[in-house]
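Peer 1: To be precise about what I am sending: the file is called target.cif and holds mmCIF, C-alpha atoms and all ligand atoms.
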```cif
data_input
loop_
_atom_site.label_atom_id
_atom_site.label_comp_id
_atom_site.auth_asym_id
_atom_site.auth_seq_id
_atom_site.Cartn_x
_atom_site.Cartn_y
_atom_site.Cartn_z
CA MET A 570 30.43 -3.93 109.68
CA ASN A 571 31.36 -6.88 107.48
CA LYS A 572 34.52 -8.80 106.57
CA GLU A 573 34.68 -7.59 102.97
CA GLN A 574 34.97 -3.92 103.89
CA PRO A 575 38.44 -2.41 103.42
CA ILE A 576 40.96 -1.27 106.01
CA GLY A 577 41.85 2.43 105.82
CA ILE A 578 45.44 3.60 106.27
CA PHE A 579 46.72 7.14 106.29
CA ASP A 580 50.00 8.93 106.54
CA SER A 581 51.30 12.43 105.92
CA GLY A 582 53.18 11.27 102.82
CA LEU A 583 54.77 8.27 101.18
CA GLY A 584 55.95 6.85 104.52
CA GLY A 585 52.61 5.10 104.92
CA LEU A 586 54.01 2.53 102.50
CA SER A 587 56.12 1.11 105.33
CA VAL A 588 52.98 0.41 107.35
CA TYR A 589 51.06 -0.85 104.31
CA LYS A 590 53.93 -3.29 103.66
CA GLU A 591 53.62 -4.85 107.12
CA LEU A 592 49.82 -4.99 106.93
CA LYS A 593 49.89 -6.55 103.47
CA ARG A 594 52.45 -9.13 104.62
CA LEU A 595 50.43 -10.16 107.65
CA LEU A 596 46.97 -9.79 106.14
CA PRO A 597 47.32 -10.49 102.39
CA GLN A 598 43.63 -11.29 101.96
CA GLU A 599 42.49 -7.87 103.17
CA LYS A 600 41.60 -4.93 100.97
CA PHE A 601 43.37 -1.65 101.83
CA VAL A 602 42.56 1.97 101.03
CA ASP A 603 45.70 4.01 101.54
CA PHE A 604 45.84 7.80 101.73
CA GLY A 605 49.11 9.78 101.62
CA ASP A 606 48.79 13.50 102.34
CA THR A 607 51.61 14.48 99.99
CA ALA A 608 50.19 18.00 99.54
CA ARG A 609 50.70 18.81 103.22
CA VAL A 610 53.71 16.70 104.28
CA PRO A 611 55.55 17.14 106.63
CA TYR A 612 53.26 17.04 109.65
CA GLY A 613 56.21 16.73 112.01
CA ASN A 614 56.88 20.45 112.35
CA LYS A 615 53.22 21.57 112.49
CA SER A 616 51.10 22.48 115.50
CA SER A 617 48.89 19.94 117.26
CA GLU A 618 45.71 21.79 116.18
CA VAL A 619 46.62 21.63 112.50
CA ILE A 620 47.66 17.97 112.68
CA ARG A 621 44.38 17.11 114.41
CA ARG A 622 42.38 18.90 111.67
CA TYR A 623 44.27 17.08 108.89
CA ALA A 624 43.80 13.73 110.65
CA PHE A 625 40.04 14.26 110.95
CA GLU A 626 39.66 15.36 107.32
CA ILE A 627 41.39 12.20 106.12
CA ALA A 628 39.53 9.96 108.57
CA TYR A 629 36.20 11.31 107.25
CA PHE A 630 37.38 10.79 103.68
CA LEU A 631 38.27 7.17 104.46
CA ALA A 632 35.05 6.66 106.42
CA GLN A 633 33.20 7.43 103.17
CA LYS A 634 35.01 4.45 101.65
CA ARG A 635 33.19 2.30 104.21
CA ILE A 636 36.31 1.08 106.02
CA LYS A 637 35.95 -1.47 108.82
CA LEU A 638 39.06 -0.26 110.69
CA LEU A 639 41.39 2.73 110.47
CA VAL A 640 45.17 2.55 110.86
CA VAL A 641 46.76 5.88 111.72
CA ALA A 642 50.08 5.06 110.09
CA CYS A 643 51.58 8.47 110.79
CA ASN A 644 53.43 8.55 114.11
CA THR A 645 52.93 12.30 114.41
CA ALA A 646 49.15 12.04 113.92
CA SER A 647 48.98 9.00 116.25
CA SER A 648 50.83 10.94 118.95
CA ILE A 649 48.46 13.89 118.73
CA ALA A 650 45.02 12.74 117.61
CA LEU A 651 44.46 9.07 118.38
CA ASN A 652 42.15 9.41 121.37
CA GLU A 653 39.90 11.91 119.62
CA LEU A 654 39.70 9.77 116.48
CA GLU A 655 38.81 6.71 118.58
CA ASN A 656 35.99 8.64 120.22
CA ALA A 657 34.66 10.08 116.96
CA PHE A 658 34.23 6.94 114.82
CA ARG A 659 32.36 3.68 115.17
CA PHE A 660 35.13 1.55 113.60
CA PRO A 661 38.26 0.64 115.59
CA VAL A 662 41.19 3.04 115.21
CA VAL A 663 44.74 1.65 115.56
CA GLY A 664 47.71 3.98 116.08
CA VAL A 665 51.30 3.04 115.32
CA VAL A 666 52.61 4.78 118.44
CA GLN A 667 50.23 2.99 120.81
CA SER A 668 50.89 -0.37 119.10
CA ALA A 669 54.68 0.00 119.29
CA ALA A 670 54.56 1.13 122.94
CA MET A 671 52.46 -1.94 123.74
CA GLU A 672 55.05 -4.20 122.09
CA VAL A 673 58.00 -2.52 123.83
CA GLY A 674 56.15 -2.78 127.14
CA LYS A 675 56.39 -6.57 126.87
CA LEU A 676 60.18 -6.60 126.54
CA GLU A 677 62.03 -7.88 129.53
CA LYS A 678 65.46 -7.03 130.90
CA ILE A 679 66.01 -3.84 128.99
CA SER A 680 67.35 -0.72 130.58
CA ARG A 681 67.93 1.80 127.76
CA ILE A 682 65.53 2.62 124.92
CA GLY A 683 65.99 5.09 122.09
CA ILE A 684 63.08 6.76 120.30
CA ILE A 685 63.48 8.71 117.09
CA GLY A 686 60.70 10.59 115.35
CA THR A 687 59.57 13.98 114.11
CA SER A 688 59.86 17.05 116.33
CA ARG A 689 56.12 16.98 117.10
CA THR A 690 56.13 13.26 117.97
CA ILE A 691 59.04 13.65 120.38
CA LYS A 692 57.66 16.90 121.86
CA SER A 693 54.24 15.33 122.45
CA ALA A 694 55.98 12.75 124.73
CA THR A 695 53.25 10.23 123.88
CA TYR A 696 55.79 7.46 123.26
CA GLN A 697 57.76 8.36 126.38
CA ASN A 698 54.65 8.41 128.61
CA LEU A 699 53.20 5.17 127.26
CA ILE A 700 56.50 3.34 127.71
CA LYS A 701 57.14 4.76 131.16
CA SER A 702 53.66 3.65 132.25
CA ARG A 703 54.66 0.06 131.36
CA LEU A 704 58.40 0.06 132.10
CA SER A 705 58.98 2.65 134.80
CA HIS A 706 62.63 1.68 135.33
CA VAL A 707 63.94 2.20 131.78
CA GLU A 708 66.02 5.12 130.65
CA ILE A 709 64.58 6.74 127.52
CA LEU A 710 66.65 8.69 125.03
CA ALA A 711 64.29 10.50 122.68
CA LYS A 712 65.53 12.49 119.71
CA PRO A 713 63.76 14.38 116.93
CA CYS A 714 65.35 13.54 113.55
CA PRO A 715 63.42 15.73 111.09
CA LEU A 716 66.05 15.73 108.31
CA PHE A 717 65.57 12.03 107.59
CA VAL A 718 62.14 12.70 106.06
CA PRO A 719 63.18 14.96 103.14
CA ILE A 720 66.25 12.79 102.47
CA ILE A 721 64.02 9.72 102.16
CA GLU A 722 61.34 11.59 100.16
CA GLU A 723 64.13 12.51 97.73
CA GLY A 724 65.11 8.84 97.47
CA LEU A 725 68.71 9.56 98.65
CA PHE A 726 69.17 6.12 100.21
CA GLU A 727 72.82 5.72 99.23
CA SER A 728 74.27 9.14 99.87
CA ARG A 729 76.78 10.98 102.00
CA VAL A 730 74.04 13.28 103.19
CA LEU A 731 72.18 10.32 104.70
CA ASP A 732 75.34 8.85 106.29
CA GLU A 733 76.30 12.19 107.84
CA THR A 734 72.77 12.90 109.05
CA MET A 735 72.64 9.48 110.64
CA ASP A 736 75.89 10.10 112.49
CA PHE A 737 74.70 13.56 113.56
CA TYR A 738 71.46 12.20 115.04
CA LEU A 739 72.39 8.74 116.30
CA ASN A 740 75.96 9.00 117.49
CA ASP A 741 74.93 9.73 121.06
CA MET A 742 72.56 6.75 121.22
CA ARG A 743 75.23 4.45 119.82
CA LYS A 744 77.73 5.66 122.44
CA ARG A 745 75.16 5.18 125.21
CA LYS A 746 74.56 1.61 123.97
CA ILE A 747 70.80 1.68 123.72
CA GLU A 748 69.38 -1.84 123.48
CA VAL A 749 66.15 -1.00 121.66
CA LEU A 750 65.43 1.71 119.10
CA ILE A 751 61.89 2.67 118.09
CA LEU A 752 61.69 3.84 114.49
CA GLY A 753 59.01 6.37 115.44
CA CYS A 754 58.35 7.80 112.00
CA THR A 755 56.82 6.05 109.00
CA HIS A 756 59.80 6.92 106.83
CA TYR A 757 62.50 5.33 108.96
CA PRO A 758 61.82 1.68 108.10
CA LEU A 759 62.85 2.62 104.56
CA ILE A 760 66.40 3.07 105.93
CA GLU A 761 66.14 0.26 108.50
CA LYS A 762 69.11 -1.65 107.12
CA LYS A 763 71.35 1.45 107.19
CA ILE A 764 70.36 2.15 110.81
CA MET A 765 71.07 -1.45 111.75
CA ASP A 766 74.53 -1.21 110.14
CA TYR A 767 75.18 2.06 111.95
CA PHE A 768 74.62 0.28 115.27
CA ASN A 769 76.74 -2.69 114.12
CA GLU A 770 73.60 -4.78 114.50
CA LYS A 771 73.80 -4.33 118.28
CA VAL A 772 70.33 -2.92 118.72
CA LYS A 773 66.80 -4.29 118.45
CA LEU A 774 64.77 -2.15 116.06
CA ILE A 775 61.04 -1.71 116.64
CA ASN A 776 59.05 -1.01 113.51
CA PRO A 777 55.71 0.47 114.66
CA GLY A 778 54.13 -0.56 111.34
CA PHE A 779 54.73 -4.19 112.25
CA SER A 780 53.37 -3.64 115.77
CA ALA A 781 50.25 -2.03 114.28
CA ALA A 782 49.76 -4.89 111.81
CA LEU A 783 49.81 -7.39 114.71
CA ARG A 784 47.27 -5.29 116.57
CA VAL A 785 44.99 -5.03 113.53
CA LYS A 786 45.06 -8.80 113.09
CA THR A 787 44.14 -9.31 116.74
CA ILE A 788 41.27 -6.80 116.66
CA LEU A 789 39.81 -8.14 113.41
CA GLY A 790 40.13 -11.71 114.69
CA GLU A 791 38.39 -10.89 117.98
CA ASN A 792 35.53 -9.24 116.09
CA ASN A 793 35.22 -11.94 113.46
CA LEU A 794 36.11 -9.41 110.76
CA LEU A 795 39.08 -11.10 109.07
CA ASN A 796 38.48 -11.24 105.34
CA ASP A 797 38.88 -14.54 103.52
CA THR A 798 38.72 -13.54 99.86
CA GLU A 799 41.36 -11.70 97.78
CA GLY A 800 40.93 -7.95 97.76
CA TYR A 801 42.32 -5.18 95.58
CA ASP A 802 43.90 -2.10 97.08
CA GLU A 803 43.37 1.57 96.33
CA PHE A 804 45.89 4.39 96.71
CA PHE A 805 45.11 8.08 97.08
CA LEU A 806 47.49 11.04 97.33
CA SER A 807 46.59 14.67 97.92
CA ASP A 808 49.14 15.82 95.33
CA GLU A 809 51.47 14.36 92.75
CA GLN A 810 54.67 12.83 94.11
CA GLU A 811 57.23 12.24 91.41
CA ASN A 812 58.98 9.27 92.99
CA PHE A 813 55.97 7.55 94.51
CA GLN A 814 55.51 4.62 92.12
CA LYS A 815 59.24 3.91 91.94
CA ILE A 816 59.86 4.12 95.69
CA ALA A 817 56.79 1.94 96.21
CA ARG A 818 58.07 -0.69 93.77
CA ASP A 819 61.61 -0.68 95.20
CA PHE A 820 60.41 -0.82 98.78
CA LEU A 821 57.47 -3.21 98.45
CA GLY A 822 58.93 -5.44 95.75
CA PHE A 823 55.78 -5.22 93.62
CA ASP A 824 53.88 -2.61 91.60
CA ILE A 825 51.01 -0.82 93.26
CA PRO A 826 47.86 -0.06 91.26
CA GLU A 827 47.37 3.35 89.68
CA VAL A 828 47.31 6.14 92.25
CA CYS A 829 44.36 8.54 92.39
CA ILE A 830 45.29 12.18 93.08
CA ILE A 831 42.68 14.17 95.02
CA LYS A 832 43.43 17.85 94.66
CA GLU A 833 40.15 19.25 95.92
CA ASN A 834 39.05 19.51 99.57
CA LEU A 835 38.65 16.12 101.21
CA ILE A 836 35.40 16.93 102.99
N1 LIG B 1 54.63 10.40 108.63
C1 LIG B 1 55.29 11.19 109.63
C2 LIG B 1 55.41 10.37 110.92
O1 LIG B 1 55.35 9.16 110.92
C3 LIG B 1 56.64 11.64 109.18
C4 LIG B 1 56.65 12.69 108.11
C5 LIG B 1 56.05 14.01 108.54
O2 LIG B 1 56.70 14.80 109.24
O3 LIG B 1 54.94 14.24 108.15
O4 LIG B 1 55.58 10.95 111.95
#
```
Now, as a test, write the supplied structure out as structure tokens.
Ligand code: DGL
Peer 2:
Amino acid sequence: MNKEQPIGIFDSGLGGLSVYKELKRLLPQEKFVDFGDTARVPYGNKSSEVIRRYAFEIAYFLAQKRIKLLVVACNTASSIALNELENAFRFPVVGVVQSAAMEVGKLEKISRIGIIGTSRTIKSATYQNLIKSRLSHVEILAKPCPLFVPIIEEGLFESRVLDETMDFYLNDMRKRKIEVLILGCTHYPLIEKKIMDYFNEKVKLINPGFSAALRVKTILGENNLLNDTEGYDEFFLSDEQENFQKIARDFLGFDIPEVCIIKENLI
């Protein structure tokens, strides 16, 4: 393994951009290879077996790009397949769920935590178990919020449908005065500001992409694998996504390089 090798990132769709953004901000000198499985999104309502198979196919695809570390940017895939991926590859594998749970575990004096994510992420209880193992006293309110994903994929950031969906999903947590809310799905940081407004700024939001970026920096540093020269990034999607370039520009604040669409089998 050497410093110049890229970092692989994958997500079920365009949500991986939220994790890429945090990684790029913290590690601007690294080279990233990002894969968005737009042909098969959403993962959140699929079975564990299918999610595991998709995760392995993409991990093998990225392994062929000679990555030095893999970030499982998808919360659903991190909840289901992280341990198996860690055991299967020689490079370190960082999951957003595990990174966020580690960060939350360090918070002091909190008594009520909210977790939102896909149905599969919440059903897997991976977040809940990891947090309980660190903070046994906290009350956890976990809620699947699957409708946020298509609304965000459609780019409906300023819409009544988003406002009403937010009220439908989050009203209970607001009433119960949660102190911390984990944005347990790659797409949610794209509506972070709206969520913050909904809670009248009275909640601490945890962005698992940021937690993962911190973890990646630590692991690369410990292994003397931090890159020190400018890199260029590569983007792959498994099918065309009409809004991808525009959402990427609006969200990241810069243009991403041309995206390569891989329509054939990954392995
Ligand atoms: N990327 C997924 C996650 O973070 C959300 C979208 C999906 O359901 O695939 O859980």
Peer 1: From the options A:Arg659, A:Lys773, A:Lys600, A:His706, which residue's atoms come nearest to A:Gly683, counting all atoms listed in the file?
Peer 2: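 When distances to A:Gly683 are compared using all atoms listed in the file, the smallest one comes from A:Lys773.
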Peer 1: For A:Arg635, which residue out of A:Val785, A:Ile720, A:Val730, A:Val602 is the nearest one, using all atoms listed in the file?
Peer 2: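 Nearest candidate to A:Arg635 out of A:Val785, A:Ile720, A:Val730, A:Val602: A:Val602.
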Peer 1: Around ligand LIG 1 (chain B), which protein and nucleic acid residues have at least one atom no more than 8 Å from it, if we count only C-alpha atoms and all ligand atoms? List them as a list in words.
Peer 2: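 Using only C-alpha atoms and all ligand atoms, everything at most 8 Å from ligand LIG 1 (chain B) comes to Asp580, Ser581, Gly582, Leu583, Gly584, Gly585, Arg609, Val610, Pro611, Tyr612, Gly613, Asn614, Ala642, Cys643, Asn644, Thr645, Ala646, Gly686, Thr687, Arg689, Thr690, Pro715, Val718, Gly753, Cys754, Thr755 and His756 of chain A.
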Peer 1: Out of A:Leu806, A:Val749, A:Ile836, A:Val662, which residue has the shortest atom-to-atom distance to A:Arg622 when counting all atoms listed in the file?
Peer 2: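 Ranking A:Leu806, A:Val749, A:Ile836, A:Val662 by distance to A:Arg622, first place goes to A:Ile836.
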Peer 1: Determine, for each residue of stretch 581-662 of chain A having at least one atom at most 12 Å from an atom of stretch 812-830 of chain A, the closest pair of atoms and their separation in Å to one decimal, counting only C-alpha atoms; order by chain and ascending number, as JSON lines.
Peer 2:
```
{"residue": "A:Gly582", "atom": "CA", "partner": "A:Phe813", "partner_atom": "CA", "distance": 9.5}
{"residue": "A:Leu583", "atom": "CA", "partner": "A:Phe813", "partner_atom": "CA", "distance": 6.8}
{"residue": "A:Gly584", "atom": "CA", "partner": "A:Ala817", "partner_atom": "CA", "distance": 9.7}
{"residue": "A:Gly585", "atom": "CA", "partner": "A:Ala817", "partner_atom": "CA", "distance": 10.2}
{"residue": "A:Leu586", "atom": "CA", "partner": "A:Ala817", "partner_atom": "CA", "distance": 6.9}
{"residue": "A:Ser587", "atom": "CA", "partner": "A:Phe820", "partner_atom": "CA", "distance": 8.1}
{"residue": "A:Val588", "atom": "CA", "partner": "A:Leu821", "partner_atom": "CA", "distance": 10.6}
{"residue": "A:Tyr589", "atom": "CA", "partner": "A:Leu821", "partner_atom": "CA", "distance": 9.0}
{"residue": "A:Lys590", "atom": "CA", "partner": "A:Leu821", "partner_atom": "CA", "distance": 6.3}
{"residue": "A:Glu591", "atom": "CA", "partner": "A:Leu821", "partner_atom": "CA", "distance": 9.6}
{"residue": "A:Leu592", "atom": "CA", "partner": "A:Leu821", "partner_atom": "CA", "distance": 11.6}
{"residue": "A:Lys593", "atom": "CA", "partner": "A:Leu821", "partner_atom": "CA", "distance": 9.7}
{"residue": "A:Arg594", "atom": "CA", "partner": "A:Leu821", "partner_atom": "CA", "distance": 9.9}
{"residue": "A:Phe601", "atom": "CA", "partner": "A:Ile825", "partner_atom": "CA", "distance": 11.5}
{"residue": "A:Val602", "atom": "CA", "partner": "A:Val828", "partner_atom": "CA", "distance": 10.8}
{"residue": "A:Asp603", "atom": "CA", "partner": "A:Val828", "partner_atom": "CA", "distance": 9.7}
{"residue": "A:Phe604", "atom": "CA", "partner": "A:Cys829", "partner_atom": "CA", "distance": 9.5}
{"residue": "A:Gly605", "atom": "CA", "partner": "A:Ile830", "partner_atom": "CA", "distance": 9.7}
{"residue": "A:Asp606", "atom": "CA", "partner": "A:Ile830", "partner_atom": "CA", "distance": 10.0}
{"residue": "A:Thr607", "atom": "CA", "partner": "A:Ile830", "partner_atom": "CA", "distance": 9.6}
{"residue": "A:Ala608", "atom": "CA", "partner": "A:Ile830", "partner_atom": "CA", "distance": 10.0}
```
Peer 1: Please work out which residues fall within 6 Å of (51.5, 2.8, 113.2), coordinates as given in the file, with all atoms listed in the file counting, and return them as a ChimeraX atom specification.
Peer 2: /A:641-642,664-666,777-778,781
Peer 1: What gap, in Å, lies between atom CA of A:Leu676 and atom CA of A:Asp741?
Peer 2: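 Answer for the atom CA of A:Leu676 to atom CA of A:Asp741 separation: 22.7 Å.
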Peer 1: Please, could all heavy atoms be added to stretch 770-781 of chain A and the result written as a PDB file, keeping the file's coordinate frame?
Peer 2:
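Saved result, rebuild-v6.pdb, follows:
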```pdb
ATOM      1  N   GLU A 770      74.593  -3.746 114.208  1.00  0.00           N
ATOM      2  CA  GLU A 770      73.600  -4.780 114.500  1.00  0.00           C
ATOM      3  C   GLU A 770      73.426  -5.040 115.991  1.00  0.00           C
ATOM      4  O   GLU A 770      72.881  -6.064 116.389  1.00  0.00           O
ATOM      5  CB  GLU A 770      73.948  -6.092 113.773  1.00  0.00           C
ATOM      6  CG  GLU A 770      74.366  -5.863 112.334  1.00  0.00           C
ATOM      7  CD  GLU A 770      73.813  -6.859 111.351  1.00  0.00           C
ATOM      8  OE1 GLU A 770      73.518  -7.972 111.776  1.00  0.00           O
ATOM      9  OE2 GLU A 770      73.689  -6.483 110.174  1.00  0.00           O
ATOM     10  N   LYS A 771      73.875  -4.095 116.831  1.00  0.00           N
ATOM     11  CA  LYS A 771      73.800  -4.330 118.280  1.00  0.00           C
ATOM     12  C   LYS A 771      72.611  -3.612 118.897  1.00  0.00           C
ATOM     13  O   LYS A 771      72.701  -3.075 120.007  1.00  0.00           O
ATOM     14  CB  LYS A 771      75.100  -3.876 118.945  1.00  0.00           C
ATOM     15  CG  LYS A 771      76.272  -4.764 118.606  1.00  0.00           C
ATOM     16  CD  LYS A 771      77.420  -4.562 119.574  1.00  0.00           C
ATOM     17  CE  LYS A 771      78.598  -5.419 119.191  1.00  0.00           C
ATOM     18  NZ  LYS A 771      79.670  -4.663 118.530  1.00  0.00           N
ATOM     19  N   VAL A 772      71.521  -3.557 118.188  1.00  0.00           N
ATOM     20  CA  VAL A 772      70.330  -2.920 118.720  1.00  0.00           C
ATOM     21  C   VAL A 772      69.109  -3.655 118.169  1.00  0.00           C
ATOM     22  O   VAL A 772      69.168  -4.216 117.068  1.00  0.00           O
ATOM     23  CB  VAL A 772      70.308  -1.414 118.307  1.00  0.00           C
ATOM     24  CG1 VAL A 772      70.038  -1.220 116.831  1.00  0.00           C
ATOM     25  CG2 VAL A 772      69.328  -0.617 119.132  1.00  0.00           C
ATOM     26  N   LYS A 773      68.039  -3.690 118.969  1.00  0.00           N
ATOM     27  CA  LYS A 773      66.800  -4.290 118.450  1.00  0.00           C
ATOM     28  C   LYS A 773      65.941  -3.134 117.927  1.00  0.00           C
ATOM     29  O   LYS A 773      65.626  -2.200 118.673  1.00  0.00           O
ATOM     30  CB  LYS A 773      66.073  -5.022 119.593  1.00  0.00           C
ATOM     31  CG  LYS A 773      64.725  -5.611 119.177  1.00  0.00           C
ATOM     32  CD  LYS A 773      64.079  -6.331 120.366  1.00  0.00           C
ATOM     33  CE  LYS A 773      62.640  -6.727 120.078  1.00  0.00           C
ATOM     34  NZ  LYS A 773      62.469  -7.672 118.975  1.00  0.00           N
ATOM     35  N   LEU A 774      65.582  -3.215 116.639  1.00  0.00           N
ATOM     36  CA  LEU A 774      64.770  -2.150 116.060  1.00  0.00           C
ATOM     37  C   LEU A 774      63.292  -2.499 116.189  1.00  0.00           C
ATOM     38  O   LEU A 774      62.893  -3.639 115.942  1.00  0.00           O
ATOM     39  CB  LEU A 774      65.108  -1.945 114.579  1.00  0.00           C
ATOM     40  CG  LEU A 774      66.524  -1.472 114.251  1.00  0.00           C
ATOM     41  CD1 LEU A 774      66.675  -1.226 112.751  1.00  0.00           C
ATOM     42  CD2 LEU A 774      66.887  -0.200 115.021  1.00  0.00           C
ATOM     43  N   ILE A 775      62.500  -1.518 116.587  1.00  0.00           N
ATOM     44  CA  ILE A 775      61.040  -1.710 116.640  1.00  0.00           C
ATOM     45  C   ILE A 775      60.428  -0.928 115.489  1.00  0.00           C
ATOM     46  O   ILE A 775      60.592   0.294 115.393  1.00  0.00           O
ATOM     47  CB  ILE A 775      60.453  -1.198 117.983  1.00  0.00           C
ATOM     48  CG1 ILE A 775      61.049  -1.943 119.174  1.00  0.00           C
ATOM     49  CG2 ILE A 775      58.929  -1.286 117.991  1.00  0.00           C
ATOM     50  CD1 ILE A 775      60.628  -3.390 119.330  1.00  0.00           C
ATOM     51  N   ASN A 776      59.748  -1.651 114.617  1.00  0.00           N
ATOM     52  CA  ASN A 776      59.050  -1.010 113.510  1.00  0.00           C
ATOM     53  C   ASN A 776      57.565  -0.892 113.897  1.00  0.00           C
ATOM     54  O   ASN A 776      56.842  -1.885 113.934  1.00  0.00           O
ATOM     55  CB  ASN A 776      59.217  -1.889 112.255  1.00  0.00           C
ATOM     56  CG  ASN A 776      58.454  -1.345 111.067  1.00  0.00           C
ATOM     57  OD1 ASN A 776      57.652  -0.414 111.193  1.00  0.00           O
ATOM     58  ND2 ASN A 776      58.694  -1.940 109.905  1.00  0.00           N
ATOM     59  N   PRO A 777      57.094   0.313 114.191  1.00  0.00           N
ATOM     60  CA  PRO A 777      55.710   0.470 114.660  1.00  0.00           C
ATOM     61  C   PRO A 777      54.672  -0.019 113.640  1.00  0.00           C
ATOM     62  O   PRO A 777      53.557  -0.383 114.017  1.00  0.00           O
ATOM     63  CB  PRO A 777      55.587   1.979 114.895  1.00  0.00           C
ATOM     64  CG  PRO A 777      56.984   2.436 115.140  1.00  0.00           C
ATOM     65  CD  PRO A 777      57.827   1.589 114.233  1.00  0.00           C
ATOM     66  N   GLY A 778      55.045  -0.041 112.368  1.00  0.00           N
ATOM     67  CA  GLY A 778      54.130  -0.560 111.340  1.00  0.00           C
ATOM     68  C   GLY A 778      53.844  -2.041 111.578  1.00  0.00           C
ATOM     69  O   GLY A 778      52.706  -2.509 111.442  1.00  0.00           O
ATOM     70  N   PHE A 779      54.897  -2.767 111.965  1.00  0.00           N
ATOM     71  CA  PHE A 779      54.730  -4.190 112.250  1.00  0.00           C
ATOM     72  C   PHE A 779      53.882  -4.369 113.516  1.00  0.00           C
ATOM     73  O   PHE A 779      52.963  -5.208 113.551  1.00  0.00           O
ATOM     74  CB  PHE A 779      56.101  -4.856 112.410  1.00  0.00           C
ATOM     75  CG  PHE A 779      56.018  -6.304 112.779  1.00  0.00           C
ATOM     76  CD1 PHE A 779      55.543  -7.243 111.878  1.00  0.00           C
ATOM     77  CD2 PHE A 779      56.387  -6.727 114.054  1.00  0.00           C
ATOM     78  CE1 PHE A 779      55.441  -8.588 112.226  1.00  0.00           C
ATOM     79  CE2 PHE A 779      56.286  -8.070 114.415  1.00  0.00           C
ATOM     80  CZ  PHE A 779      55.814  -8.996 113.503  1.00  0.00           C
ATOM     81  N   SER A 780      54.167  -3.550 114.529  1.00  0.00           N
ATOM     82  CA  SER A 780      53.370  -3.640 115.770  1.00  0.00           C
ATOM     83  C   SER A 780      51.901  -3.376 115.467  1.00  0.00           C
ATOM     84  O   SER A 780      51.004  -4.046 115.992  1.00  0.00           O
ATOM     85  CB  SER A 780      53.833  -2.607 116.805  1.00  0.00           C
ATOM     86  OG  SER A 780      55.225  -2.503 116.847  1.00  0.00           O
ATOM     87  N   ALA A 781      51.646  -2.374 114.605  1.00  0.00           N
ATOM     88  CA  ALA A 781      50.250  -2.030 114.280  1.00  0.00           C
ATOM     89  C   ALA A 781      49.585  -3.163 113.504  1.00  0.00           C
ATOM     90  O   ALA A 781      48.404  -3.469 113.731  1.00  0.00           O
ATOM     91  CB  ALA A 781      50.216  -0.723 113.480  1.00  0.00           C
TER      92      ALA A 781
END
```
